[in-house]
Amino acid sequence: MMEQPLTARSWLKMLANLERRRLNLAAFLGVLAGLQTVIIVVGVAWLVDQLVVHQQTPHQLVSGLAVLAFCVLGRGACQWGQEVVSLEASLRIRQYARRQMLDKFWVLGPVWLAYRQSGGLATQAVENIEALDGYFARFYTQLRITVFLPLVILCVVARLDYLVAIFLLISAPIIPLFMALVGMGAERVNREQFAAVARLSAHFLDRVRGMTTLQLFGRTQSAHRDVWWATDDYRRLSMRTLRLAFLSSAVLEFFASVAIAVVAMYVGFGLLGYIDYGPSTSLTLFSGLAVLLLAPEFFQPLRTLSQHYHDRATALGAAESLVTVLNESSIQRSSVPTPASGRHIAYLEGIYVEYPGRGRVLGPVNLTVNQGDVIAISGPSGSGKSTLLALLAGFLSPSQGELELTAPHYAWLDQQPALLHGSLADNLRLADPTVDKTAMLAALSKAGLGELLSQLPDGLDTLIGERGLGLSGGQAQRLALARIYLSDASLILLDEPTASLDNDTEEMVIQALLNWAGEGRTLVMATHHPMAISAARRHLRVREGLLEEVAYEA
Amino acid sequence: MKHSVPSRLSMMAQTRQALLPWVALMTRRWPRFLVGALLVWLTLAAGLSLLGLSGWFITACALAGIAMLFGLPSSLDVYVPGGGIRFFALLRTVARYIERLYNHDTVLRLLADLRYRVFGRLTRMDEAALRRHRMSDWLGRLTADIDALDNLYLRLLMPPLVSLLVIVGVSLFAAIWLPGMALWLGSVLFVLWVGLTYGMARLCFAQSHRQIAYQEGLRRLVIDQLQATAELIAYQSAAWHRQQVADHENAALDNQRRLGRHTAMGNSVIGVITGLLLLLVFWFGGALVADGTLAGPILVMLLLIILGINEVFVQLPAAFARLGSSVAAAERLNALAVDTPAKEQKLPAHELDVVMRGVIHRYPSSAQPALDDVTFELGCGEQAVITGHSGAGKSTLAALLTGRLKASQGEVEIGGCEPWAIKETQRSRRIVLLTQQVDLFDASLEDNLRLGNAEASDASLWKVLEAVALDDWARTLPAQLKTPVGERGQQLSGGQARRVALARLLLMDPSIVILDEPFAAIDHATAEHVARALSDWLEGRTAIFFVHHGSRLLMQQVKHHWHLSGGKLGPGR
């Protein structure tokens, strides 16, 4: 799908392109607001000149005041527009990026996910994508404004007094230099701070995570003191680097201040006639005051940019880690299953499965699963049982061989059934979103959860999981059974459904297996359970990636 | 997920209730706050003075220049204002630099205080609360919440204080020449200040208060997708779930959109109000200049100060728009505070027996009791094996025996004392537990071992490593005992980590030993070696083994064998 691996930068650029029009509009509005600021400060200088030098009264200047009042309102509107439009762009970009991420998780599939921490991946899709906000909502727009606005201001200044313009121009080549300096400074600080904060947080969380152990060993007091000292040590260390790092922003501050001071002195002495060089003889209060007020405006976009600089670093850091997921290559089947002919549910011929880094895990495998087969697959852990099931479920594409699957949908049950953070009903809808309440109740009681349900005041709406009712492993497995009861899937895939269950639930599961087999459904299960194996009509054994049919009854 | 918009009173009450304990903690550092605020004030004042004085200087020069053209003598002293301009330019730069350093230092000190307090609360949590938190992604939230409070000072406490001080300063300064105008100038600025602080907070409180909840909800849905991918593909219900994610995301982004629009409005209001104020001052002040009652340079100075005053307000809208999220963070942290009664009981010095009578334990969140009418007696020096599947109630039983949980019903006694009420220092020395999930800390191997006994010599560390068959391995490490084990002991394999955890117990001299799956993830040959060392050490101690399946070797060793299933304890099979 993608020829070149994404980089953080190329991905951010691609995202920005999606909302190019909004982002450009926001930058345009920002420049417009800046231009209105120019009009306001030049206008104030003109008004003051008229009042003080030309002895006009405010009443005679009312039209000028009205224009400025209009600009003040217009600037407010433009600023508002800039923020709102770039916020909108940022919201849409994040929504797009999150979809891209969730689609990617989807494409990578359950086999890839099995080896990852879902908490960490969720951080990618939620927090890391939120971290892109500042870059698109602020930095990106401000960068464009910074390129354009100082130029405009310079032109206005040049018309008023070219000496001041030259002074600003001389500092202009220094600006990219300082931008780089500030950038480097900010980036370094950001990196170092980030690393230090991460180390410190890790120390804190390490102690919090081990709280049970600290309590057991009676060490909570000393750990408590440690937490304070670690943070304080970090403070002393980081102050040392910050002393240098803050210098870069102080330099910008210094430039803005010095610009005002130098221009003020130049204009003042020029007006007094102490300077008779170039344009200084034609200085008026109007032009003098205007250039004085424009000098800090010249530096303002750059100062704003430096305030938003950390947004860029944050976004790049987040993008860096998001891109590593987006660049993962999928091992899941992407194509629609080829319809198998006749009574076959699945047809495998000369199938090999290889995982990157692990080599061959399965193959060569030849297997035909017929309608109504009840197949038990056994074998030591790591032999490839789960891989075979994943293959039948379409979670994997074989690296070699011919695979035909027909079942449009099927039921799935493994050792640790997934529980959604929602109500019992939500967890059942997973199997069939359109199912009604009666069917849910029936399925739950079939799965042996009727008694539990009757104890719950909220019934099917009871929340389960972290924020609600805690279910034991056995109860969770029964809930998963209820899902299968709800679905009319003709093929049921089960990955060690009875592992680590209490006896009652184990019996329940076995009974359910027998029922389904009786109904003529097709069952394929990886299991060690002797009763499950004896219930099967076919028994396959997997050893070191090879399949061997142990028993077959037609 | 529904939040009603809090009424006016409740926002204030909610804010006060949530933040007061933290603000109280922060105000212990009030001298630093004061200095920090003064430095910020000085920076802003220097900036305004620089602009104002420059304006005055230019105008005065212009007037003097015109006067000289007419041949009038000029009495303008250019050196004092010139020096002033240079001074303020320098002062602004230096004050800004010092202010940033100083306040950053303060913030980091606060971070230490905050973490100290939160950690203190966590140390008093019982096993049920810890377990609840262990399940979720609460840990990541915890540091984010602390950081949110850490920002309280830089965002919510100092900027409004400093801007108020600047308003007062500017008004007083203006009052030197124009007392009447200064009054309404100050009033308008004060109203703006109230609008940007209280007004913004009110406008955005509900939205910012629920922002994290939205994010957490989204996170849960994403985790659902990740964990249920197999089921969602199998049952072809992916579209249904993706729709839920999309709906929730839309709601979350809508919330952000509204918050962002309010903040944008706050930001543009600053420019509009100060801009119009500038024109008003020109209008009224200009009339006075035209009258000749006010000197032109003075008016220009005041105008330029007002032109620069928006810098004083810029931080306020965004900071106060997010008040709700700070309050929400504080509320989450406040929820961690627990009242635990003083633990004063002392264990008898002799060997200890264990008695449980009719113990029932029920976690608030689960439908069935974790332990259901458990009764057993274990005499001094006797050993027992309790078998059971995971989830049968073993960890609850262990938590009750180690006094980290109080039984909902029934009696738990160790040496005649209730474990829950035994002094922590005594309990931790006399009753030890090898937990199923081993916690190693991100420190060196020896530090992790010395958790068992801080005074242990290197020789005894090697001895216990030998007992758990890790001595050969440890000797091959370049740093030997000083080898870091990594965060959560990740540098070690699961089996090694368990053996290190066991070794640190062997450094102790307890009366009661509870071992949860001591031989899990250890290969057979090593397990035999460890079992021999362990049985020597257990000689004369009261011990309970929790295991999935009892091995014959173990069964021969112990006096009792019980089986735990569904919270009920019965005879072993």
# chains A, B, ... in the order shown; residues from 1 in each chain; ligands from 1
>>> residues_around(residues="Phe441 (chain B)", least_positions_apart="2", cutoff="12 Å", atoms="only C-alpha atoms", output="PyMOL selection string")
(chain A and resi 202-214+223) or (chain B and resi 438-439+443-451+484-492+497+500-501)
>>> residues_around(residues="Pro510 (chain B)", least_positions_apart="3", cutoff="6 Å", atoms="only C-alpha atoms", output="list in words")
Arg429, Arg430 and Ile431 of chain B
>>> select_by_dssp(residues="region 408-445 of chain B", states="helix (DSSP H, G or I)", output="list in words")
Pro419, Trp420, Ala421, Glu424, Thr425, Gln426, Arg427, Ser428, Arg429, Arg430 and Leu445 of chain B
>>> write_last_selection(atoms="all heavy atoms", output="mmCIF file, in the first residue's frame")
data_model
loop_
_atom_site.group_PDB
_atom_site.id
_atom_site.type_symbol
_atom_site.label_atom_id
_atom_site.label_comp_id
_atom_site.auth_asym_id
_atom_site.auth_seq_id
_atom_site.Cartn_x
_atom_site.Cartn_y
_atom_site.Cartn_z
ATOM 1 N N PRO B 419 -4.493 -9.253 62.084
ATOM 2 C CA PRO B 419 -3.403 -8.733 61.226
ATOM 3 C C PRO B 419 -3.635 -7.286 60.778
ATOM 4 O O PRO B 419 -2.711 -6.498 60.666
ATOM 5 C CB PRO B 419 -3.418 -9.678 60.020
ATOM 6 C CG PRO B 419 -4.094 -10.906 60.467
ATOM 7 C CD PRO B 419 -5.028 -10.520 61.580
ATOM 8 N N TRP B 420 -4.884 -6.940 60.526
ATOM 9 C CA TRP B 420 -5.254 -5.603 60.057
ATOM 10 C C TRP B 420 -4.811 -4.519 61.047
ATOM 11 O O TRP B 420 -4.560 -3.381 60.648
ATOM 12 C CB TRP B 420 -6.769 -5.576 59.858
ATOM 13 C CG TRP B 420 -7.348 -4.251 59.502
ATOM 14 C CD1 TRP B 420 -8.124 -3.461 60.303
ATOM 15 C CD2 TRP B 420 -7.206 -3.538 58.270
ATOM 16 N NE1 TRP B 420 -8.472 -2.322 59.652
ATOM 17 C CE2 TRP B 420 -7.920 -2.343 58.396
ATOM 18 C CE3 TRP B 420 -6.525 -3.806 57.087
ATOM 19 C CZ2 TRP B 420 -7.996 -1.402 57.371
ATOM 20 C CZ3 TRP B 420 -6.596 -2.873 56.062
ATOM 21 C CH2 TRP B 420 -7.320 -1.692 56.204
ATOM 22 N N ALA B 421 -4.727 -4.904 62.336
ATOM 23 C CA ALA B 421 -4.465 -3.893 63.352
ATOM 24 C C ALA B 421 -3.030 -3.928 63.876
ATOM 25 O O ALA B 421 -2.660 -3.150 64.747
ATOM 26 C CB ALA B 421 -5.450 -4.070 64.514
ATOM 27 N N GLU B 424 2.713 -1.691 61.475
ATOM 28 C CA GLU B 424 3.267 -2.071 60.192
ATOM 29 C C GLU B 424 4.685 -2.628 60.311
ATOM 30 O O GLU B 424 5.045 -3.626 59.683
ATOM 31 C CB GLU B 424 3.261 -0.885 59.229
ATOM 32 C CG GLU B 424 3.483 -1.354 57.802
ATOM 33 C CD GLU B 424 3.733 -0.216 56.824
ATOM 34 O OE1 GLU B 424 4.775 0.455 56.914
ATOM 35 O OE2 GLU B 424 2.878 -0.008 55.977
ATOM 36 N N THR B 425 5.514 -2.007 61.138
ATOM 37 C CA THR B 425 6.911 -2.449 61.228
ATOM 38 C C THR B 425 6.994 -3.875 61.753
ATOM 39 O O THR B 425 7.786 -4.687 61.274
ATOM 40 C CB THR B 425 7.691 -1.520 62.175
ATOM 41 O OG1 THR B 425 6.904 -1.322 63.345
ATOM 42 C CG2 THR B 425 7.985 -0.191 61.512
ATOM 43 N N GLN B 426 6.119 -4.188 62.739
ATOM 44 C CA GLN B 426 6.105 -5.537 63.313
ATOM 45 C C GLN B 426 5.604 -6.552 62.314
ATOM 46 O O GLN B 426 6.206 -7.597 62.094
ATOM 47 C CB GLN B 426 5.132 -5.528 64.501
ATOM 48 C CG GLN B 426 5.763 -5.134 65.787
ATOM 49 C CD GLN B 426 5.423 -6.177 66.831
ATOM 50 O OE1 GLN B 426 4.369 -6.801 66.790
ATOM 51 N NE2 GLN B 426 6.327 -6.386 67.764
ATOM 52 N N ARG B 427 4.475 -6.194 61.685
ATOM 53 C CA ARG B 427 3.823 -7.099 60.758
ATOM 54 C C ARG B 427 4.756 -7.464 59.621
ATOM 55 O O ARG B 427 4.901 -8.614 59.236
ATOM 56 C CB ARG B 427 2.559 -6.424 60.225
ATOM 57 C CG ARG B 427 1.644 -7.349 59.485
ATOM 58 C CD ARG B 427 0.904 -6.604 58.409
ATOM 59 N NE ARG B 427 1.815 -6.173 57.372
ATOM 60 C CZ ARG B 427 1.715 -5.048 56.711
ATOM 61 N NH1 ARG B 427 0.758 -4.212 57.002
ATOM 62 N NH2 ARG B 427 2.585 -4.751 55.767
ATOM 63 N N SER B 428 5.422 -6.443 59.069
ATOM 64 C CA SER B 428 6.238 -6.703 57.895
ATOM 65 C C SER B 428 7.459 -7.557 58.246
ATOM 66 O O SER B 428 7.988 -8.258 57.406
ATOM 67 C CB SER B 428 6.670 -5.398 57.250
ATOM 68 O OG SER B 428 7.423 -4.643 58.167
ATOM 69 N N ARG B 429 7.902 -7.526 59.488
ATOM 70 C CA ARG B 429 9.038 -8.356 59.876
ATOM 71 C C ARG B 429 8.629 -9.797 60.152
ATOM 72 O O ARG B 429 9.358 -10.734 59.862
ATOM 73 C CB ARG B 429 9.722 -7.770 61.127
ATOM 74 C CG ARG B 429 10.979 -6.982 60.806
ATOM 75 C CD ARG B 429 11.775 -6.618 62.045
ATOM 76 N NE ARG B 429 10.965 -6.094 63.130
ATOM 77 C CZ ARG B 429 10.742 -6.759 64.262
ATOM 78 N NH1 ARG B 429 11.274 -7.949 64.444
ATOM 79 N NH2 ARG B 429 10.010 -6.216 65.216
ATOM 80 N N ARG B 430 7.446 -9.961 60.733
ATOM 81 C CA ARG B 430 7.052 -11.285 61.202
ATOM 82 C C ARG B 430 6.221 -12.077 60.207
ATOM 83 O O ARG B 430 6.211 -13.302 60.229
ATOM 84 C CB ARG B 430 6.252 -11.158 62.514
ATOM 85 C CG ARG B 430 6.978 -10.424 63.634
ATOM 86 C CD ARG B 430 8.048 -11.287 64.277
ATOM 87 N NE ARG B 430 7.535 -12.538 64.812
ATOM 88 C CZ ARG B 430 6.952 -12.662 65.995
ATOM 89 N NH1 ARG B 430 6.807 -11.620 66.780
ATOM 90 N NH2 ARG B 430 6.521 -13.832 66.401
ATOM 91 N N LEU B 445 20.428 -4.992 41.700
ATOM 92 C CA LEU B 445 20.075 -6.294 42.255
ATOM 93 C C LEU B 445 20.186 -6.286 43.773
ATOM 94 O O LEU B 445 19.303 -6.754 44.486
ATOM 95 C CB LEU B 445 21.002 -7.351 41.640
ATOM 96 C CG LEU B 445 20.775 -8.801 41.999
ATOM 97 C CD1 LEU B 445 19.376 -9.239 41.617
ATOM 98 C CD2 LEU B 445 21.810 -9.692 41.312
#
>>> closest_residue(among="A:Phe269, A:Phe139, A:Phe298, A:Tyr162", to="chain B", atoms="only C-alpha atoms")
A:Phe269
>>> residues_around(residues="Thr231 (chain A)", least_positions_apart="2", cutoff="9 Å", atoms="only C-alpha atoms", output="VMD selection string")
(chain A and resid 200 204 226 to 229 233 to 236) or (chain B and resid 108 to 109 111 to 113 115)
>>> write_last_selection(atoms="N, CA and C atoms", output="compact mmCIF listing (two decimals), in the first residue's frame")
# COMPACT_ATOMS: atom_id res chain seq x y z
N LEU A 200 12.02 10.62 35.89
CA LEU A 200 11.49 10.91 37.22
C LEU A 200 10.11 10.29 37.40
N PHE A 204 8.80 7.49 40.11
CA PHE A 204 7.60 7.65 40.94
C PHE A 204 6.63 6.49 40.70
N ASP A 226 12.05 8.99 49.71
CA ASP A 226 12.76 8.88 48.43
C ASP A 226 12.09 9.68 47.32
N VAL A 227 10.77 9.61 47.32
CA VAL A 227 10.01 10.30 46.27
C VAL A 227 10.33 11.79 46.30
N TRP A 228 10.39 12.35 47.49
CA TRP A 228 10.69 13.79 47.60
C TRP A 228 12.11 14.09 47.14
N TRP A 229 13.02 13.26 47.61
CA TRP A 229 14.42 13.53 47.27
C TRP A 229 14.71 13.37 45.79
N ASP A 233 16.21 16.28 43.59
CA ASP A 233 17.47 16.09 42.84
C ASP A 233 17.27 16.48 41.39
N TYR A 234 16.15 16.05 40.86
CA TYR A 234 15.84 16.37 39.48
C TYR A 234 15.75 17.89 39.29
N ARG A 235 15.17 18.55 40.27
CA ARG A 235 15.06 20.01 40.21
C ARG A 235 16.44 20.63 40.10
N ARG A 236 17.35 20.19 40.97
CA ARG A 236 18.68 20.80 40.96
C ARG A 236 19.40 20.55 39.64
N LEU B 108 9.16 23.30 40.29
CA LEU B 108 9.74 21.98 40.55
C LEU B 108 9.72 21.63 42.03
N ARG B 109 9.89 22.65 42.86
CA ARG B 109 9.77 22.39 44.30
C ARG B 109 8.36 21.93 44.64
N LEU B 111 6.37 20.43 42.67
CA LEU B 111 6.20 19.07 42.17
C LEU B 111 6.63 18.05 43.23
N ALA B 112 7.76 18.35 43.86
CA ALA B 112 8.23 17.45 44.92
C ALA B 112 7.21 17.38 46.05
N ASP B 113 6.69 18.54 46.45
CA ASP B 113 5.70 18.57 47.53
C ASP B 113 4.46 17.76 47.16
N ARG B 115 4.07 15.40 44.84
CA ARG B 115 4.29 13.95 44.74
C ARG B 115 4.41 13.33 46.12
>>> closest_residue(among="A:Val62, A:Ile375, A:Leu271, A:Val263", to="chain B", atoms="only C-alpha atoms")
A:Leu271
>>> closest_residue(among="A:Ile153, A:Ala16, A:Ala517, A:Leu491", to="Arg94 (chain A)", atoms="only C-alpha atoms")
A:Ala16
>>> closest_residue(among="B:Ala238, B:Val300, B:Met356, B:Leu19", to="Leu47 (chain A)", atoms="only C-alpha atoms")
B:Val300
>>> select_by_dssp(residues="region 405-563 of chain B", states="strand (DSSP E)", output="PDB file with N, CA, C and O atoms, in the first residue's frame")
ATOM      1  N   GLN B 409     -16.374  -9.937  57.107  1.00  0.00           N
ATOM      2  CA  GLN B 409     -17.064 -10.646  58.178  1.00  0.00           C
ATOM      3  C   GLN B 409     -16.156 -11.765  58.665  1.00  0.00           C
ATOM      4  O   GLN B 409     -15.361 -12.301  57.874  1.00  0.00           O
ATOM      5  N   GLY B 410     -16.271 -12.140  59.917  1.00  0.00           N
ATOM      6  CA  GLY B 410     -15.495 -13.266  60.431  1.00  0.00           C
ATOM      7  C   GLY B 410     -14.220 -12.814  61.110  1.00  0.00           C
ATOM      8  O   GLY B 410     -13.917 -11.619  61.181  1.00  0.00           O
ATOM      9  N   GLU B 411     -13.482 -13.781  61.650  1.00  0.00           N
ATOM     10  CA  GLU B 411     -12.276 -13.463  62.417  1.00  0.00           C
ATOM     11  C   GLU B 411     -11.028 -13.980  61.732  1.00  0.00           C
ATOM     12  O   GLU B 411     -10.984 -15.108  61.257  1.00  0.00           O
ATOM     13  N   VAL B 412     -10.027 -13.126  61.716  1.00  0.00           N
ATOM     14  CA  VAL B 412      -8.703 -13.534  61.249  1.00  0.00           C
ATOM     15  C   VAL B 412      -7.759 -13.257  62.409  1.00  0.00           C
ATOM     16  O   VAL B 412      -7.732 -12.135  62.920  1.00  0.00           O
ATOM     17  N   GLU B 413      -7.033 -14.264  62.829  1.00  0.00           N
ATOM     18  CA  GLU B 413      -6.116 -14.030  63.959  1.00  0.00           C
ATOM     19  C   GLU B 413      -4.762 -14.647  63.680  1.00  0.00           C
ATOM     20  O   GLU B 413      -4.663 -15.797  63.224  1.00  0.00           O
ATOM     21  N   ILE B 414      -3.741 -13.898  63.964  1.00  0.00           N
ATOM     22  CA  ILE B 414      -2.390 -14.442  63.894  1.00  0.00           C
ATOM     23  C   ILE B 414      -1.744 -14.183  65.247  1.00  0.00           C
ATOM     24  O   ILE B 414      -1.670 -13.035  65.687  1.00  0.00           O
ATOM     25  N   ILE B 431       5.441 -11.387  59.364  1.00  0.00           N
ATOM     26  CA  ILE B 431       4.571 -12.088  58.413  1.00  0.00           C
ATOM     27  C   ILE B 431       5.026 -11.704  57.018  1.00  0.00           C
ATOM     28  O   ILE B 431       4.995 -10.534  56.672  1.00  0.00           O
ATOM     29  N   VAL B 432       5.486 -12.684  56.228  1.00  0.00           N
ATOM     30  CA  VAL B 432       5.953 -12.324  54.887  1.00  0.00           C
ATOM     31  C   VAL B 432       5.167 -13.070  53.821  1.00  0.00           C
ATOM     32  O   VAL B 432       4.600 -14.138  54.074  1.00  0.00           O
ATOM     33  N   LEU B 433       5.142 -12.456  52.648  1.00  0.00           N
ATOM     34  CA  LEU B 433       4.362 -13.018  51.537  1.00  0.00           C
ATOM     35  C   LEU B 433       5.159 -12.906  50.247  1.00  0.00           C
ATOM     36  O   LEU B 433       5.709 -11.858  49.937  1.00  0.00           O
ATOM     37  N   LEU B 434       5.221 -14.025  49.528  1.00  0.00           N
ATOM     38  CA  LEU B 434       5.732 -13.970  48.155  1.00  0.00           C
ATOM     39  C   LEU B 434       4.505 -13.830  47.269  1.00  0.00           C
ATOM     40  O   LEU B 434       3.708 -14.753  47.170  1.00  0.00           O
ATOM     41  N   ILE B 512       5.703 -16.211  60.124  1.00  0.00           N
ATOM     42  CA  ILE B 512       4.685 -16.727  59.208  1.00  0.00           C
ATOM     43  C   ILE B 512       5.125 -16.462  57.771  1.00  0.00           C
ATOM     44  O   ILE B 512       5.518 -15.335  57.442  1.00  0.00           O
ATOM     45  N   VAL B 513       5.073 -17.486  56.932  1.00  0.00           N
ATOM     46  CA  VAL B 513       5.493 -17.340  55.539  1.00  0.00           C
ATOM     47  C   VAL B 513       4.351 -17.790  54.639  1.00  0.00           C
ATOM     48  O   VAL B 513       3.828 -18.890  54.806  1.00  0.00           O
ATOM     49  N   ILE B 514       3.971 -16.918  53.704  1.00  0.00           N
ATOM     50  CA  ILE B 514       2.938 -17.291  52.742  1.00  0.00           C
ATOM     51  C   ILE B 514       3.564 -17.195  51.356  1.00  0.00           C
ATOM     52  O   ILE B 514       4.117 -16.159  50.999  1.00  0.00           O
ATOM     53  N   LEU B 515       3.518 -18.292  50.615  1.00  0.00           N
ATOM     54  CA  LEU B 515       4.170 -18.317  49.308  1.00  0.00           C
ATOM     55  C   LEU B 515       3.132 -18.586  48.236  1.00  0.00           C
ATOM     56  O   LEU B 515       2.487 -19.639  48.251  1.00  0.00           O
ATOM     57  N   ASP B 516       2.931 -17.633  47.330  1.00  0.00           N
ATOM     58  CA  ASP B 516       1.962 -17.800  46.266  1.00  0.00           C
ATOM     59  C   ASP B 516       2.708 -18.277  45.026  1.00  0.00           C
ATOM     60  O   ASP B 516       3.486 -17.530  44.448  1.00  0.00           O
ATOM     61  N   THR B 542       5.696 -21.155  60.536  1.00  0.00           N
ATOM     62  CA  THR B 542       4.354 -21.475  60.068  1.00  0.00           C
ATOM     63  C   THR B 542       4.264 -21.043  58.612  1.00  0.00           C
ATOM     64  O   THR B 542       4.644 -19.919  58.299  1.00  0.00           O
ATOM     65  N   ALA B 543       3.810 -21.947  57.728  1.00  0.00           N
ATOM     66  CA  ALA B 543       3.864 -21.598  56.308  1.00  0.00           C
ATOM     67  C   ALA B 543       2.629 -22.051  55.554  1.00  0.00           C
ATOM     68  O   ALA B 543       2.019 -23.067  55.873  1.00  0.00           O
ATOM     69  N   ILE B 544       2.246 -21.273  54.561  1.00  0.00           N
ATOM     70  CA  ILE B 544       1.147 -21.645  53.655  1.00  0.00           C
ATOM     71  C   ILE B 544       1.653 -21.529  52.225  1.00  0.00           C
ATOM     72  O   ILE B 544       2.221 -20.501  51.848  1.00  0.00           O
ATOM     73  N   PHE B 545       1.475 -22.605  51.447  1.00  0.00           N
ATOM     74  CA  PHE B 545       1.799 -22.574  50.017  1.00  0.00           C
ATOM     75  C   PHE B 545       0.498 -22.440  49.235  1.00  0.00           C
ATOM     76  O   PHE B 545      -0.420 -23.221  49.454  1.00  0.00           O
ATOM     77  N   PHE B 546       0.454 -21.472  48.331  1.00  0.00           N
ATOM     78  CA  PHE B 546      -0.666 -21.429  47.395  1.00  0.00           C
ATOM     79  C   PHE B 546      -0.162 -21.967  46.069  1.00  0.00           C
ATOM     80  O   PHE B 546       0.833 -21.455  45.538  1.00  0.00           O
ATOM     81  N   VAL B 547      -0.794 -23.005  45.538  1.00  0.00           N
ATOM     82  CA  VAL B 547      -0.361 -23.530  44.244  1.00  0.00           C
ATOM     83  C   VAL B 547      -1.572 -23.916  43.404  1.00  0.00           C
ATOM     84  O   VAL B 547      -2.668 -24.140  43.915  1.00  0.00           O
ATOM     85  N   HIS B 560      -1.130 -30.008  56.274  1.00  0.00           N
ATOM     86  CA  HIS B 560      -2.514 -29.838  55.808  1.00  0.00           C
ATOM     87  C   HIS B 560      -2.546 -29.626  54.310  1.00  0.00           C
ATOM     88  O   HIS B 560      -1.630 -29.057  53.728  1.00  0.00           O
ATOM     89  N   HIS B 561      -3.652 -30.042  53.712  1.00  0.00           N
ATOM     90  CA  HIS B 561      -3.888 -29.743  52.308  1.00  0.00           C
ATOM     91  C   HIS B 561      -5.348 -29.350  52.139  1.00  0.00           C
ATOM     92  O   HIS B 561      -6.255 -30.119  52.447  1.00  0.00           O
ATOM     93  N   TRP B 562      -5.538 -28.110  51.719  1.00  0.00           N
ATOM     94  CA  TRP B 562      -6.906 -27.641  51.486  1.00  0.00           C
ATOM     95  C   TRP B 562      -7.041 -27.227  50.053  1.00  0.00           C
ATOM     96  O   TRP B 562      -6.064 -26.928  49.362  1.00  0.00           O
ATOM     97  N   HIS B 563      -8.309 -27.152  49.599  1.00  0.00           N
ATOM     98  CA  HIS B 563      -8.566 -26.707  48.224  1.00  0.00           C
ATOM     99  C   HIS B 563      -9.527 -25.526  48.262  1.00  0.00           C
ATOM    100  O   HIS B 563     -10.535 -25.546  48.964  1.00  0.00           O
TER     101      HIS B 563
END
>>> residues_around(residues="Ala131 (chain A)", least_positions_apart="2", cutoff="8 Å", atoms="only C-alpha atoms", output="CSV table (one decimal) with N, CA, C and O atoms, in the first residue's frame")
chain,number,residue,atom,x,y,z
A,127,GLU,N,-3.8,9.7,23.4
A,127,GLU,CA,-3.0,10.8,23.9
A,127,GLU,C,-2.0,11.3,22.9
A,127,GLU,O,-1.8,12.5,22.7
A,128,ASN,N,-1.3,10.4,22.2
A,128,ASN,CA,-0.4,10.8,21.2
A,128,ASN,C,-1.0,11.6,20.0
A,128,ASN,O,-0.4,12.5,19.5
A,129,ILE,N,-2.2,11.2,19.7
A,129,ILE,CA,-2.9,12.0,18.6
A,129,ILE,C,-3.3,13.4,19.2
A,129,ILE,O,-3.2,14.4,18.5
A,133,ASP,N,-2.2,18.4,18.6
A,133,ASP,CA,-3.1,19.6,18.5
A,133,ASP,C,-2.3,20.9,18.4
A,133,ASP,O,-2.5,21.7,17.5
A,134,GLY,N,-1.3,21.2,19.3
A,134,GLY,CA,-0.6,22.4,19.3
A,134,GLY,C,0.1,22.7,18.0
A,134,GLY,O,0.1,23.9,17.6
A,314,THR,N,6.7,18.5,20.6
A,314,THR,CA,5.8,17.6,21.2
A,314,THR,C,5.1,16.7,20.1
A,314,THR,O,5.0,15.5,20.1
A,315,ALA,N,4.7,17.5,19.0
A,315,ALA,CA,4.0,16.8,17.9
A,315,ALA,C,5.0,15.8,17.2
A,315,ALA,O,4.6,14.7,16.8
A,318,ALA,N,5.4,12.7,19.3
A,318,ALA,CA,4.2,11.9,19.2
A,318,ALA,C,4.2,11.2,17.8
A,318,ALA,O,3.9,10.0,17.7
>>> closest_residue(among="A:Tyr485, A:Tyr115, A:Tyr135, A:Phe395", to="chain B", atoms="only C-alpha atoms")
A:Phe395
